[in-house]
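input.cif follows (mmCIF, C-alpha atoms):
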```cif
data_my_file
loop_
_atom_site.label_atom_id
_atom_site.label_comp_id
_atom_site.auth_asym_id
_atom_site.auth_seq_id
_atom_site.Cartn_x
_atom_site.Cartn_y
_atom_site.Cartn_z
CA MET A 1 77.56 91.53 107.75
CA ARG A 2 80.16 91.40 105.01
CA PRO A 3 83.81 91.65 105.98
CA TRP A 4 84.24 94.98 104.27
CA SER A 5 81.69 97.11 106.12
CA ALA A 6 81.70 100.64 107.30
CA LEU A 7 82.71 104.15 107.64
CA ALA A 8 83.51 106.30 104.77
CA ILE A 9 86.09 108.95 104.98
CA LEU A 10 87.01 112.09 103.41
CA ILE A 11 90.40 112.22 101.92
CA PRO A 12 92.96 114.50 103.26
CA CYS A 13 92.88 117.52 101.07
CA LEU A 14 93.03 116.22 97.56
CA VAL A 15 89.53 116.93 96.33
CA CYS A 16 86.16 118.19 97.35
CA LEU A 17 83.93 115.88 99.34
CA CYS A 18 81.00 115.40 96.98
CA GLY A 19 77.69 114.46 98.50
CA VAL A 20 78.70 114.87 102.14
CA PRO A 21 77.69 118.02 104.01
CA CYS A 22 80.61 120.23 104.95
CA ALA A 23 81.12 122.79 107.65
CA THR A 24 80.72 126.37 106.51
CA ALA A 25 83.70 127.52 104.48
CA GLN A 26 85.66 130.57 105.56
CA GLN A 27 86.88 131.60 102.12
CA GLY A 28 86.03 135.30 102.33
CA ASN A 29 88.80 135.98 104.82
CA PHE A 30 91.68 134.61 102.77
CA GLU A 31 90.79 135.51 99.20
CA ARG A 32 91.62 139.14 100.06
CA GLU A 33 94.69 140.91 101.43
CA PRO A 34 96.97 139.95 103.06
CA ILE A 35 96.53 136.27 102.03
CA ASN A 36 95.30 136.48 98.40
CA TYR A 37 94.91 132.71 98.32
CA LEU A 38 93.81 132.41 94.69
CA ASP A 39 96.15 135.01 93.22
CA ALA A 40 99.43 134.87 95.13
CA GLU A 41 102.26 132.97 93.47
CA VAL A 42 102.88 129.54 94.99
CA ASN A 43 105.98 127.38 95.14
CA ASP A 44 104.62 124.06 96.36
CA PRO A 45 106.14 120.76 95.09
CA VAL A 46 103.49 120.33 92.37
CA ALA A 47 103.98 123.89 91.14
CA GLN A 48 107.73 123.25 90.98
CA LEU A 49 107.22 120.02 89.03
CA SER A 50 104.83 121.81 86.66
CA ARG A 51 107.46 124.44 85.88
CA ARG A 52 110.06 121.74 85.18
CA LEU A 53 107.64 119.99 82.82
CA GLN A 54 106.79 123.15 80.90
CA SER A 55 110.47 124.10 80.52
CA GLY A 56 111.37 120.65 79.23
CA GLU A 57 113.72 120.04 82.17
CA THR A 58 111.84 116.85 83.03
CA SER A 59 109.10 114.63 81.58
CA LEU A 60 106.50 112.14 82.76
CA GLN A 61 106.17 108.69 81.19
CA TYR A 62 102.64 107.40 80.63
CA ASP A 63 101.88 103.88 81.88
CA ASP A 64 99.24 101.81 80.08
CA GLN A 65 97.68 100.61 83.35
CA PHE A 66 98.16 103.48 85.79
CA GLY A 67 98.56 106.48 83.52
CA TYR A 68 100.87 109.13 84.90
CA LEU A 69 100.67 107.82 88.47
CA PRO A 70 104.00 105.91 88.71
CA ALA A 71 105.93 108.74 87.05
CA VAL A 72 104.30 111.41 89.21
CA LEU A 73 105.01 109.52 92.43
CA GLU A 74 108.66 109.20 91.44
CA ALA A 75 108.94 112.84 90.38
CA LEU A 76 107.39 114.08 93.63
CA ASP A 77 109.31 111.57 95.79
CA VAL A 78 106.13 109.97 97.15
CA PRO A 79 106.69 106.35 98.29
CA THR A 80 104.33 103.65 97.03
CA SER A 81 104.41 102.16 100.54
CA SER A 82 102.31 105.13 101.66
CA GLN A 83 99.33 103.71 99.73
CA THR A 84 96.03 103.76 101.59
CA LEU A 85 92.73 102.74 100.03
CA VAL A 86 89.33 104.35 100.59
CA PHE A 87 86.13 102.84 99.26
CA SER A 88 83.54 105.41 100.28
CA LYS A 89 82.04 107.62 97.59
CA THR A 90 83.33 110.84 99.07
CA SER A 91 85.45 112.57 96.46
CA LEU A 92 85.56 114.25 93.08
CA GLN A 93 85.37 111.00 91.08
CA LEU A 94 82.83 109.25 93.28
CA HIS A 95 81.34 107.35 90.33
CA ARG A 96 84.70 105.57 89.97
CA ILE A 97 84.78 104.46 93.62
CA SER A 98 83.22 101.39 95.26
CA PRO A 99 84.21 98.69 97.76
CA ARG A 100 85.52 96.64 94.83
CA ARG A 101 87.33 99.62 93.29
CA PRO A 102 88.62 101.82 96.11
CA ARG A 103 90.44 105.05 95.56
CA ALA A 104 94.17 105.01 96.32
CA LEU A 105 95.97 107.77 98.21
CA TYR A 106 99.72 108.29 98.38
CA PHE A 107 101.59 110.88 100.43
CA ASN A 108 104.87 112.24 101.71
CA ASP A 109 105.39 115.13 104.13
CA ASP A 110 104.01 117.78 101.76
CA VAL A 111 102.15 116.06 98.90
CA TYR A 112 98.98 113.94 98.64
CA VAL A 113 98.07 112.10 95.42
CA GLY A 114 94.69 110.50 94.66
CA TYR A 115 94.18 107.78 92.04
CA CYS A 116 90.98 106.10 90.81
CA GLN A 117 90.87 103.12 88.50
CA ARG A 118 89.90 104.36 85.03
CA GLY A 119 89.77 107.84 86.49
CA ASP A 120 89.65 110.94 84.35
CA VAL A 121 92.30 112.72 86.41
CA LEU A 122 94.89 112.30 89.12
CA GLU A 123 94.12 114.49 92.15
CA PHE A 124 96.73 116.42 94.10
CA ALA A 125 96.84 118.39 97.31
CA THR A 126 100.14 119.90 98.31
CA THR A 127 101.44 122.28 100.94
CA ASP A 128 102.85 125.65 99.97
CA ALA A 129 104.98 127.08 102.76
CA ASP A 130 103.15 130.42 102.71
CA GLN A 131 99.68 129.63 101.40
CA GLY A 132 98.89 126.22 102.89
CA ALA A 133 97.00 123.55 100.95
CA ILE A 134 96.85 123.96 97.17
CA PHE A 135 94.76 121.63 94.98
CA TYR A 136 95.43 120.37 91.44
CA THR A 137 94.34 117.79 88.88
CA LEU A 138 96.22 116.12 86.03
CA LYS A 139 94.39 114.50 83.11
CA GLN A 140 94.95 110.76 82.77
CA THR A 141 95.29 110.79 78.98
CA PRO A 142 98.56 110.48 77.03
CA SER A 143 99.69 113.55 75.16
CA GLN A 144 102.51 114.63 72.89
CA GLN A 145 102.63 117.88 74.85
CA PRO A 146 103.95 118.07 78.43
CA PRO A 147 101.15 117.06 80.80
CA SER A 148 99.64 120.08 82.51
CA PHE A 149 98.60 120.42 86.15
CA VAL A 150 95.40 122.44 86.58
CA ARG A 151 95.02 124.33 89.83
CA ASP A 152 91.61 124.34 91.48
CA ARG A 153 90.13 127.84 91.61
CA GLY A 154 88.02 127.43 94.71
CA ASN A 155 85.66 124.49 94.24
CA CYS A 156 87.59 122.26 96.63
CA LEU A 157 87.43 124.93 99.30
CA SER A 158 83.73 124.26 99.88
CA CYS A 159 84.88 121.35 102.03
CA HIS A 160 88.61 121.92 102.37
CA ALA A 161 88.36 125.32 104.04
CA SER A 162 86.06 124.92 107.02
CA SER A 163 86.06 124.41 110.76
CA ARG A 164 87.19 120.85 110.03
CA THR A 165 90.40 122.19 108.49
CA GLN A 166 90.85 124.82 111.23
CA GLY A 167 89.34 127.53 109.04
CA VAL A 168 92.00 127.54 106.31
CA PRO A 169 92.57 125.66 103.04
CA GLY A 170 93.60 122.30 104.41
CA TYR A 171 93.26 118.58 104.81
CA LEU A 172 91.04 116.18 106.69
CA VAL A 173 90.50 112.49 107.26
CA ARG A 174 86.92 111.48 107.94
CA SER A 175 85.23 108.26 108.93
CA VAL A 176 81.57 107.73 108.02
CA PHE A 177 79.37 104.65 107.79
CA ALA A 178 79.31 103.38 104.19
CA ASP A 179 76.69 101.12 102.63
CA PRO A 180 77.47 98.18 100.26
CA ALA A 181 77.81 100.60 97.33
CA GLY A 182 80.20 102.84 99.27
CA ARG A 183 77.65 105.59 99.89
CA PRO A 184 77.96 107.28 103.31
CA LYS A 185 75.07 106.73 105.71
CA LEU A 186 74.98 110.27 107.01
CA GLY A 187 72.19 109.53 109.46
CA SER A 188 74.56 107.29 111.39
CA GLY A 189 77.05 110.10 111.96
CA THR A 190 80.59 110.87 110.86
CA PHE A 191 83.94 111.30 112.56
CA LEU A 192 86.79 113.70 111.83
CA THR A 193 89.86 111.71 112.84
CA ASP A 194 93.39 112.56 113.92
CA HIS A 195 95.86 111.27 116.52
CA THR A 196 93.45 112.10 119.34
CA SER A 197 90.60 109.96 117.97
CA PRO A 198 89.51 106.78 119.74
CA PHE A 199 90.59 103.76 117.72
CA GLU A 200 87.02 102.56 117.39
CA GLN A 201 86.05 105.70 115.44
CA ARG A 202 88.76 105.44 112.79
CA TRP A 203 88.88 104.35 109.15
CA GLY A 204 85.32 103.66 108.23
CA GLY A 205 85.24 103.41 104.47
CA TRP A 206 88.97 102.68 104.36
CA TYR A 207 90.73 99.39 103.90
CA VAL A 208 93.28 98.68 106.61
CA THR A 209 96.13 96.15 106.59
CA GLY A 210 98.23 95.38 109.63
CA ASN A 211 97.85 94.15 113.18
CA HIS A 212 96.43 95.99 116.18
CA GLY A 213 95.67 93.23 118.68
CA ALA A 214 92.49 93.58 120.72
CA MET A 215 91.82 97.15 119.60
CA ARG A 216 89.09 97.58 117.00
CA HIS A 217 88.60 100.09 114.18
CA MET A 218 85.90 100.58 111.56
CA GLY A 219 87.90 99.68 108.47
CA ASN A 220 87.40 96.78 106.06
CA THR A 221 83.66 96.67 106.80
CA ILE A 222 80.43 97.63 105.09
CA CYS A 223 77.58 98.99 107.18
CA GLU A 224 74.48 96.99 106.28
CA GLY A 225 72.50 98.20 109.29
CA ASP A 226 73.26 101.27 111.37
CA GLU A 227 75.82 102.50 113.88
CA TYR A 228 74.24 100.37 116.61
CA THR A 229 74.48 97.05 114.77
CA PHE A 230 77.83 97.75 113.12
CA ASP A 231 80.35 94.99 113.93
CA ARG A 232 84.03 95.93 114.00
CA ASP A 233 85.37 92.42 114.52
CA PRO A 234 85.30 91.10 110.91
CA GLY A 235 87.64 93.82 109.67
CA ALA A 236 90.25 93.47 112.41
CA ASN A 237 93.90 92.43 111.97
CA GLN A 238 93.87 91.89 108.21
CA SER A 239 97.26 91.12 106.67
CA THR A 240 96.02 91.17 103.06
CA LEU A 241 93.14 92.63 101.03
CA ASP A 242 92.72 89.69 98.65
CA GLU A 243 89.22 88.86 99.87
CA TYR A 244 88.04 92.43 99.22
CA ILE A 245 89.69 93.60 95.98
CA ASP A 246 91.97 92.56 93.15
CA THR A 247 95.24 93.99 94.45
CA ASP A 248 96.83 93.69 90.98
CA ASP A 249 94.77 96.75 90.07
CA TYR A 250 96.94 98.88 92.39
CA ILE A 251 100.60 99.77 92.58
CA ALA A 252 100.83 98.16 96.02
CA PRO A 253 98.75 95.38 97.67
CA HIS A 254 98.12 97.07 101.01
CA SER A 255 96.51 99.94 102.91
CA ASP A 256 98.94 100.18 105.78
CA ILE A 257 97.63 100.93 109.28
CA VAL A 258 100.75 102.88 110.30
CA ALA A 259 100.52 104.99 107.14
CA LEU A 260 96.91 105.76 108.07
CA MET A 261 97.92 106.83 111.59
CA VAL A 262 100.67 109.08 110.26
CA LEU A 263 98.26 110.52 107.68
CA GLU A 264 95.76 111.44 110.40
CA HIS A 265 98.38 113.24 112.47
CA GLN A 266 100.02 114.98 109.54
CA THR A 267 96.88 116.45 108.00
CA GLN A 268 95.79 118.37 111.09
CA MET A 269 99.37 119.37 111.94
CA HIS A 270 99.60 121.00 108.53
CA ASN A 271 96.29 122.74 109.20
CA ALA A 272 97.45 124.07 112.58
CA ILE A 273 100.59 125.54 111.01
CA ALA A 274 98.66 127.11 108.12
CA ALA A 275 96.03 128.51 110.50
CA ALA A 276 98.74 130.17 112.61
CA ASN A 277 100.30 131.60 109.46
CA TYR A 278 97.01 133.06 108.23
CA GLU A 279 95.88 134.35 111.61
CA THR A 280 99.18 136.09 112.30
CA ARG A 281 99.33 137.74 108.88
CA GLN A 282 95.74 138.90 109.17
CA ALA A 283 96.19 140.16 112.74
CA LEU A 284 99.29 142.14 111.78
CA HIS A 285 97.65 143.50 108.63
CA GLN A 286 94.67 144.80 110.58
CA SER A 287 96.88 146.17 113.36
CA TYR A 288 99.08 148.07 110.89
CA GLN A 289 96.01 149.50 109.17
CA MET A 290 94.79 150.81 112.52
CA ASN A 291 98.22 152.28 113.24
CA GLU A 292 97.85 154.54 110.21
CA LEU A 293 94.37 155.64 111.24
CA LEU A 294 95.36 156.25 114.86
CA GLU A 295 98.75 157.75 114.03
CA ARG A 296 100.62 155.12 116.02
CA PRO A 297 104.12 153.86 115.15
CA LYS A 298 104.03 151.90 111.92
CA ASP A 299 105.19 148.59 113.44
CA HIS A 300 103.08 148.78 116.61
CA ILE A 301 101.21 145.51 117.30
CA SER A 302 97.92 146.00 119.09
CA GLU A 303 96.95 144.03 122.17
CA SER A 304 94.15 142.28 120.28
CA ALA A 305 96.59 141.23 117.56
CA GLN A 306 99.02 139.95 120.18
CA ARG A 307 96.26 137.86 121.76
CA ARG A 308 95.32 136.37 118.38
CA ILE A 309 98.93 135.49 117.65
CA ALA A 310 99.44 133.96 121.10
CA ALA A 311 96.31 131.82 120.72
CA SER A 312 97.56 130.59 117.34
CA ALA A 313 100.96 129.73 118.81
CA ASP A 314 99.26 127.76 121.58
CA ARG A 315 97.24 125.70 119.09
CA VAL A 316 100.37 124.86 117.09
CA LEU A 317 102.22 123.91 120.25
CA ARG A 318 99.46 121.64 121.55
CA TYR A 319 99.28 119.77 118.27
CA LEU A 320 103.06 119.70 117.86
CA LEU A 321 103.45 117.99 121.24
CA MET A 322 100.48 115.69 120.59
CA VAL A 323 98.36 116.78 123.53
CA ASP A 324 95.40 114.42 124.16
CA GLU A 325 96.86 111.71 121.89
CA PHE A 326 94.87 108.47 122.02
CA GLN A 327 96.78 105.94 124.11
CA LEU A 328 97.19 102.59 122.37
CA THR A 329 96.19 99.58 124.44
CA ASP A 330 97.84 97.02 122.15
CA THR A 331 100.78 96.91 119.76
CA VAL A 332 100.31 98.14 116.19
CA SER A 333 102.34 96.82 113.26
CA GLY A 334 102.04 97.60 109.57
CA ALA A 335 101.87 95.32 106.54
CA SER A 336 104.20 97.12 104.15
CA GLU A 337 107.54 98.90 103.91
CA PHE A 338 105.98 102.16 105.08
CA VAL A 339 107.67 102.23 108.50
CA ALA A 340 111.10 101.69 106.91
CA ASP A 341 110.48 104.23 104.13
CA PHE A 342 109.16 106.84 106.56
CA SER A 343 112.06 106.31 108.96
CA ALA A 344 114.58 106.52 106.11
CA ARG A 345 113.71 110.22 105.80
CA SER A 346 114.79 110.83 109.38
CA ILE A 347 117.02 113.65 110.53
CA LYS A 348 119.00 111.87 113.26
CA ASP A 349 121.04 113.24 116.13
CA SER A 350 124.48 111.92 117.12
CA ARG A 351 122.83 109.09 119.09
CA GLY A 352 120.78 107.97 116.12
CA ARG A 353 117.50 109.35 117.53
CA SER A 354 114.84 111.01 115.40
CA LEU A 355 111.38 112.51 115.73
CA ARG A 356 110.34 109.92 113.12
CA ASP A 357 111.10 107.02 115.47
CA PHE A 358 107.94 104.99 116.07
CA ASP A 359 106.63 103.63 119.35
CA LEU A 360 103.42 101.85 118.25
CA GLU A 361 102.91 100.22 121.64
CA THR A 362 101.39 103.01 123.70
CA ARG A 363 101.45 105.92 121.20
CA LEU A 364 102.37 106.69 117.60
CA PHE A 365 105.88 108.14 118.01
CA LYS A 366 108.59 107.42 120.55
CA TYR A 367 109.21 111.16 120.97
CA PRO A 368 105.86 113.02 120.95
CA CYS A 369 106.91 116.07 118.96
CA SER A 370 105.80 116.29 115.35
CA TYR A 371 108.40 115.78 112.63
CA LEU A 372 106.69 118.62 110.74
CA ILE A 373 108.68 121.01 112.91
CA TYR A 374 111.27 120.49 110.15
CA SER A 375 108.81 121.40 107.38
CA PRO A 376 109.15 124.44 105.12
CA ALA A 377 105.70 125.52 106.33
CA PHE A 378 106.85 125.66 109.95
CA ASP A 379 109.98 127.59 109.00
CA ALA A 380 107.86 130.02 106.94
CA LEU A 381 105.62 130.96 109.88
CA PRO A 382 105.76 134.72 110.52
CA LYS A 383 108.44 135.34 113.12
CA GLN A 384 105.91 136.83 115.56
CA VAL A 385 104.23 133.44 115.96
CA ARG A 386 107.15 131.12 115.18
CA GLU A 387 109.31 132.63 117.91
CA GLN A 388 106.48 132.24 120.42
CA VAL A 389 106.08 128.57 119.52
CA VAL A 390 109.81 127.90 119.76
CA SER A 391 110.39 129.82 123.00
CA ARG A 392 107.48 128.16 124.78
CA LEU A 393 108.41 124.75 123.36
CA ILE A 394 111.88 125.13 124.85
CA ALA A 395 110.42 126.26 128.17
CA ILE A 396 108.26 123.14 128.28
CA LEU A 397 111.11 120.83 127.32
CA GLU A 398 113.44 122.43 129.87
CA GLY A 399 110.81 122.08 132.61
CA ARG A 400 110.30 125.81 133.09
CA ASP A 401 106.72 125.64 131.81
CA ASP A 402 104.83 123.09 133.88
CA SER A 403 101.40 123.58 132.31
CA GLY A 404 99.18 120.59 132.99
CA ASP A 405 98.40 120.30 129.27
CA PHE A 406 101.80 118.70 128.79
CA ASP A 407 101.78 116.22 131.65
CA HIS A 408 101.90 113.39 129.11
CA LEU A 409 105.56 114.32 128.52
CA THR A 410 107.81 112.68 131.10
CA SER A 411 111.02 114.39 132.19
CA LYS A 412 112.97 111.84 130.12
CA MET A 413 110.87 112.54 127.02
CA ARG A 414 111.31 116.29 127.40
CA ARG A 415 115.06 115.97 127.76
CA GLU A 416 115.37 113.64 124.77
CA ILE A 417 113.18 115.77 122.49
CA LEU A 418 115.18 118.85 123.43
CA GLU A 419 118.48 117.09 122.76
CA ILE A 420 117.25 115.92 119.35
CA LEU A 421 116.05 119.38 118.35
CA VAL A 422 119.17 121.19 119.55
CA GLU A 423 121.28 118.93 117.32
CA THR A 424 119.00 118.66 114.28
CA LYS A 425 116.91 121.82 113.99
CA PRO A 426 118.95 124.73 112.59
CA GLY A 427 118.83 127.77 114.85
CA PHE A 428 117.13 125.89 117.68
CA SER A 429 120.15 125.74 119.95
CA GLN A 430 120.44 129.53 120.16
CA HIS A 431 117.06 129.66 121.92
CA ALA A 432 117.81 126.87 124.43
CA SER A 433 119.38 127.58 127.81
#
```
Transcribe the structure of this file into structure tokens.
Amino acid sequence: MRPWSALAILIPCLVCLCGVPCATAQQGNFEREPINYLDAEVNDPVAQLSRRLQSGETSLQYDDQFGYLPAVLEALDVPTSSQTLVFSKTSLQLHRISPRRPRALYFNDDVYVGYCQRGDVLEFATTDADQGAIFYTLKQTPSQQPPSFVRDRGNCLSCHASSRTQGVPGYLVRSVFADPAGRPKLGSGTFLTDHTSPFEQRWGGWYVTGNHGAMRHMGNTICEGDEYTFDRDPGANQSTLDEYIDTDDYIAPHSDIVALMVLEHQTQMHNAIAAANYETRQALHQSYQMNELLERPKDHISESAQRRIAASADRVLRYLLMVDEFQLTDTVSGASEFVADFSARSIKDSRGRSLRDFDLETRLFKYPCSYLIYSPAFDALPKQVREQVVSRLIAILEGRDDSGDFDHLTSKMRREILEILVETKPGFSQHAS
């Protein structure tokens, strides 16, 4: 078995998963009122950059090797240390992807960028606070005119709006067994991965740099047999990728394990927030329509709508507090500057604590409460669901809600998370006791 065997993955949002069956898309519900996904104006980071380009306020320099990639990463404030590499043929430009020429992904809190060697386009997925995941491409050819981002008009939604993305336009990280050419062996099964996934199911079809002790993952390995003969040992604890690829062909020489873990958490956290946004808006829209028919007060919220909103709030809360997170059995350490770059974006309290502080010995973060609570998408949640999330979150952190779902949070953790949020999250303190 060659050292680079195994699972292919789907990239978090970015592009459609070509050639891999997807769960049934739910597009019909959000292309109409009140969501209007394809027609409503968006203000995501790529849309903002596009407007600056068209107005002449900014420009993008073309690089002879990487095209617009370096300039775009700088313009969108996406760190190169976030680079992860996927070698499975599971995206828009699958003919450009192989174990020798993996696809590179870069991300920050709200933007994902995909790059293929000699690719026709750069691929983008970015979070709009109101509309969730929005998908774009940018041609990789120099031009005298300002480069133009082209928004996808629904093709990506065949895979990026399904049960795997919580029923809304969103992101996903998948692990599937990949053959020596990078083709997924669908008969061997696939895994949708996030922070709850067993380590042994993660990162098939990805390259992975960094240390993880005795734990084993599926990265850095080609599947030459099936899921029963697949050997995870050869791909373990790799500090470099020199034996697999020519790293000079990429902006960075790594595919950092900590970046991959953050990516898995972040993608489904974004989906949970977007799903709560959509569900609340749709529930209220339907309730208000019924009010007119039944001659009820205009702002009356029906019991069924209240139940839908409460269920959405619960799903956000469970993911926010990392319920059912996989417990690490060995220490994880990365092989790049990703940890430092990610931590540098911290919002710290007066004691220097942040929700971006890593643990990496028993779990991903020291304080198990997602940093995306600071995101524009969380703040843009309709108040009917946002206030439920916040009020119950405070009840849990103050010990007034002792639901067994949150037993993984010790009293010390709850107190520290609450103290951090009271100091760093605007408006949070007014809800706390």
What would the selection look like, as an MDAnalysis selection string, if the PyMOL selection byres ((chain A and resi 318) around 12) were run on the coordinates I just shared?
chainID A and resid 196 268:269 272:273 311:317 319:325 368:370 389 392:393 396 403:409
Selection above as a file: C-alpha atoms, as an mmCIF file, in the frame of the given file:
```
data_model
loop_
_atom_site.group_PDB
_atom_site.id
_atom_site.type_symbol
_atom_site.label_atom_id
_atom_site.label_comp_id
_atom_site.auth_asym_id
_atom_site.auth_seq_id
_atom_site.Cartn_x
_atom_site.Cartn_y
_atom_site.Cartn_z
ATOM 1 C CA THR A 196 93.450 112.100 119.340
ATOM 2 C CA GLN A 268 95.790 118.370 111.090
ATOM 3 C CA MET A 269 99.370 119.370 111.940
ATOM 4 C CA ALA A 272 97.450 124.070 112.580
ATOM 5 C CA ILE A 273 100.590 125.540 111.010
ATOM 6 C CA ALA A 311 96.310 131.820 120.720
ATOM 7 C CA SER A 312 97.560 130.590 117.340
ATOM 8 C CA ALA A 313 100.960 129.730 118.810
ATOM 9 C CA ASP A 314 99.260 127.760 121.580
ATOM 10 C CA ARG A 315 97.240 125.700 119.090
ATOM 11 C CA VAL A 316 100.370 124.860 117.090
ATOM 12 C CA LEU A 317 102.220 123.910 120.250
ATOM 13 C CA TYR A 319 99.280 119.770 118.270
ATOM 14 C CA LEU A 320 103.060 119.700 117.860
ATOM 15 C CA LEU A 321 103.450 117.990 121.240
ATOM 16 C CA MET A 322 100.480 115.690 120.590
ATOM 17 C CA VAL A 323 98.360 116.780 123.530
ATOM 18 C CA ASP A 324 95.400 114.420 124.160
ATOM 19 C CA GLU A 325 96.860 111.710 121.890
ATOM 20 C CA PRO A 368 105.860 113.020 120.950
ATOM 21 C CA CYS A 369 106.910 116.070 118.960
ATOM 22 C CA SER A 370 105.800 116.290 115.350
ATOM 23 C CA VAL A 389 106.080 128.570 119.520
ATOM 24 C CA ARG A 392 107.480 128.160 124.780
ATOM 25 C CA LEU A 393 108.410 124.750 123.360
ATOM 26 C CA ILE A 396 108.260 123.140 128.280
ATOM 27 C CA SER A 403 101.400 123.580 132.310
ATOM 28 C CA GLY A 404 99.180 120.590 132.990
ATOM 29 C CA ASP A 405 98.400 120.300 129.270
ATOM 30 C CA PHE A 406 101.800 118.700 128.790
ATOM 31 C CA ASP A 407 101.780 116.220 131.650
ATOM 32 C CA HIS A 408 101.900 113.390 129.110
ATOM 33 C CA LEU A 409 105.560 114.320 128.520
#
```
Take the PyMOL selection byres ((chain A and resi 160) around 7), apply it to the structure above, and return the hits as a VMD selection string.
chain A and resid 13 16 156 to 159 161 to 162 165 169 to 171
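The spacing separating atom CA of Thr190 of chain A from atom CA of Phe326 of chain A amounts to 18.3 Å.
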Contacts of Trp203 of chain A at 6 Å (all atoms listed in the file; same-chain gap of 5+ positions) as a ChimeraX atom specification
/A:175,218-219
Find the residues of segment 200-284 of chain A that sit at most 9 Å from segment 56-70 of chain A; for each, write down the nearest two atoms and how far apart they are in Å, to one decimal. Count only C-alpha atoms. Sort by chain, then by number going up, and give it as a tab-separated table.
```
residue	atom	partner	partner_atom	distance
A:Asp249	CA	A:Gln65	CA	8.3
A:Tyr250	CA	A:Phe66	CA	8.1
A:Ile251	CA	A:Pro70	CA	8.0
```
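Within the 6 Å cut-off around Gln238 of chain A, using only C-alpha atoms and omitting residues fewer than 2 positions from it on the same chain, the listed residues are Thr209, Gly210, Ala236 and Thr240 of chain A.
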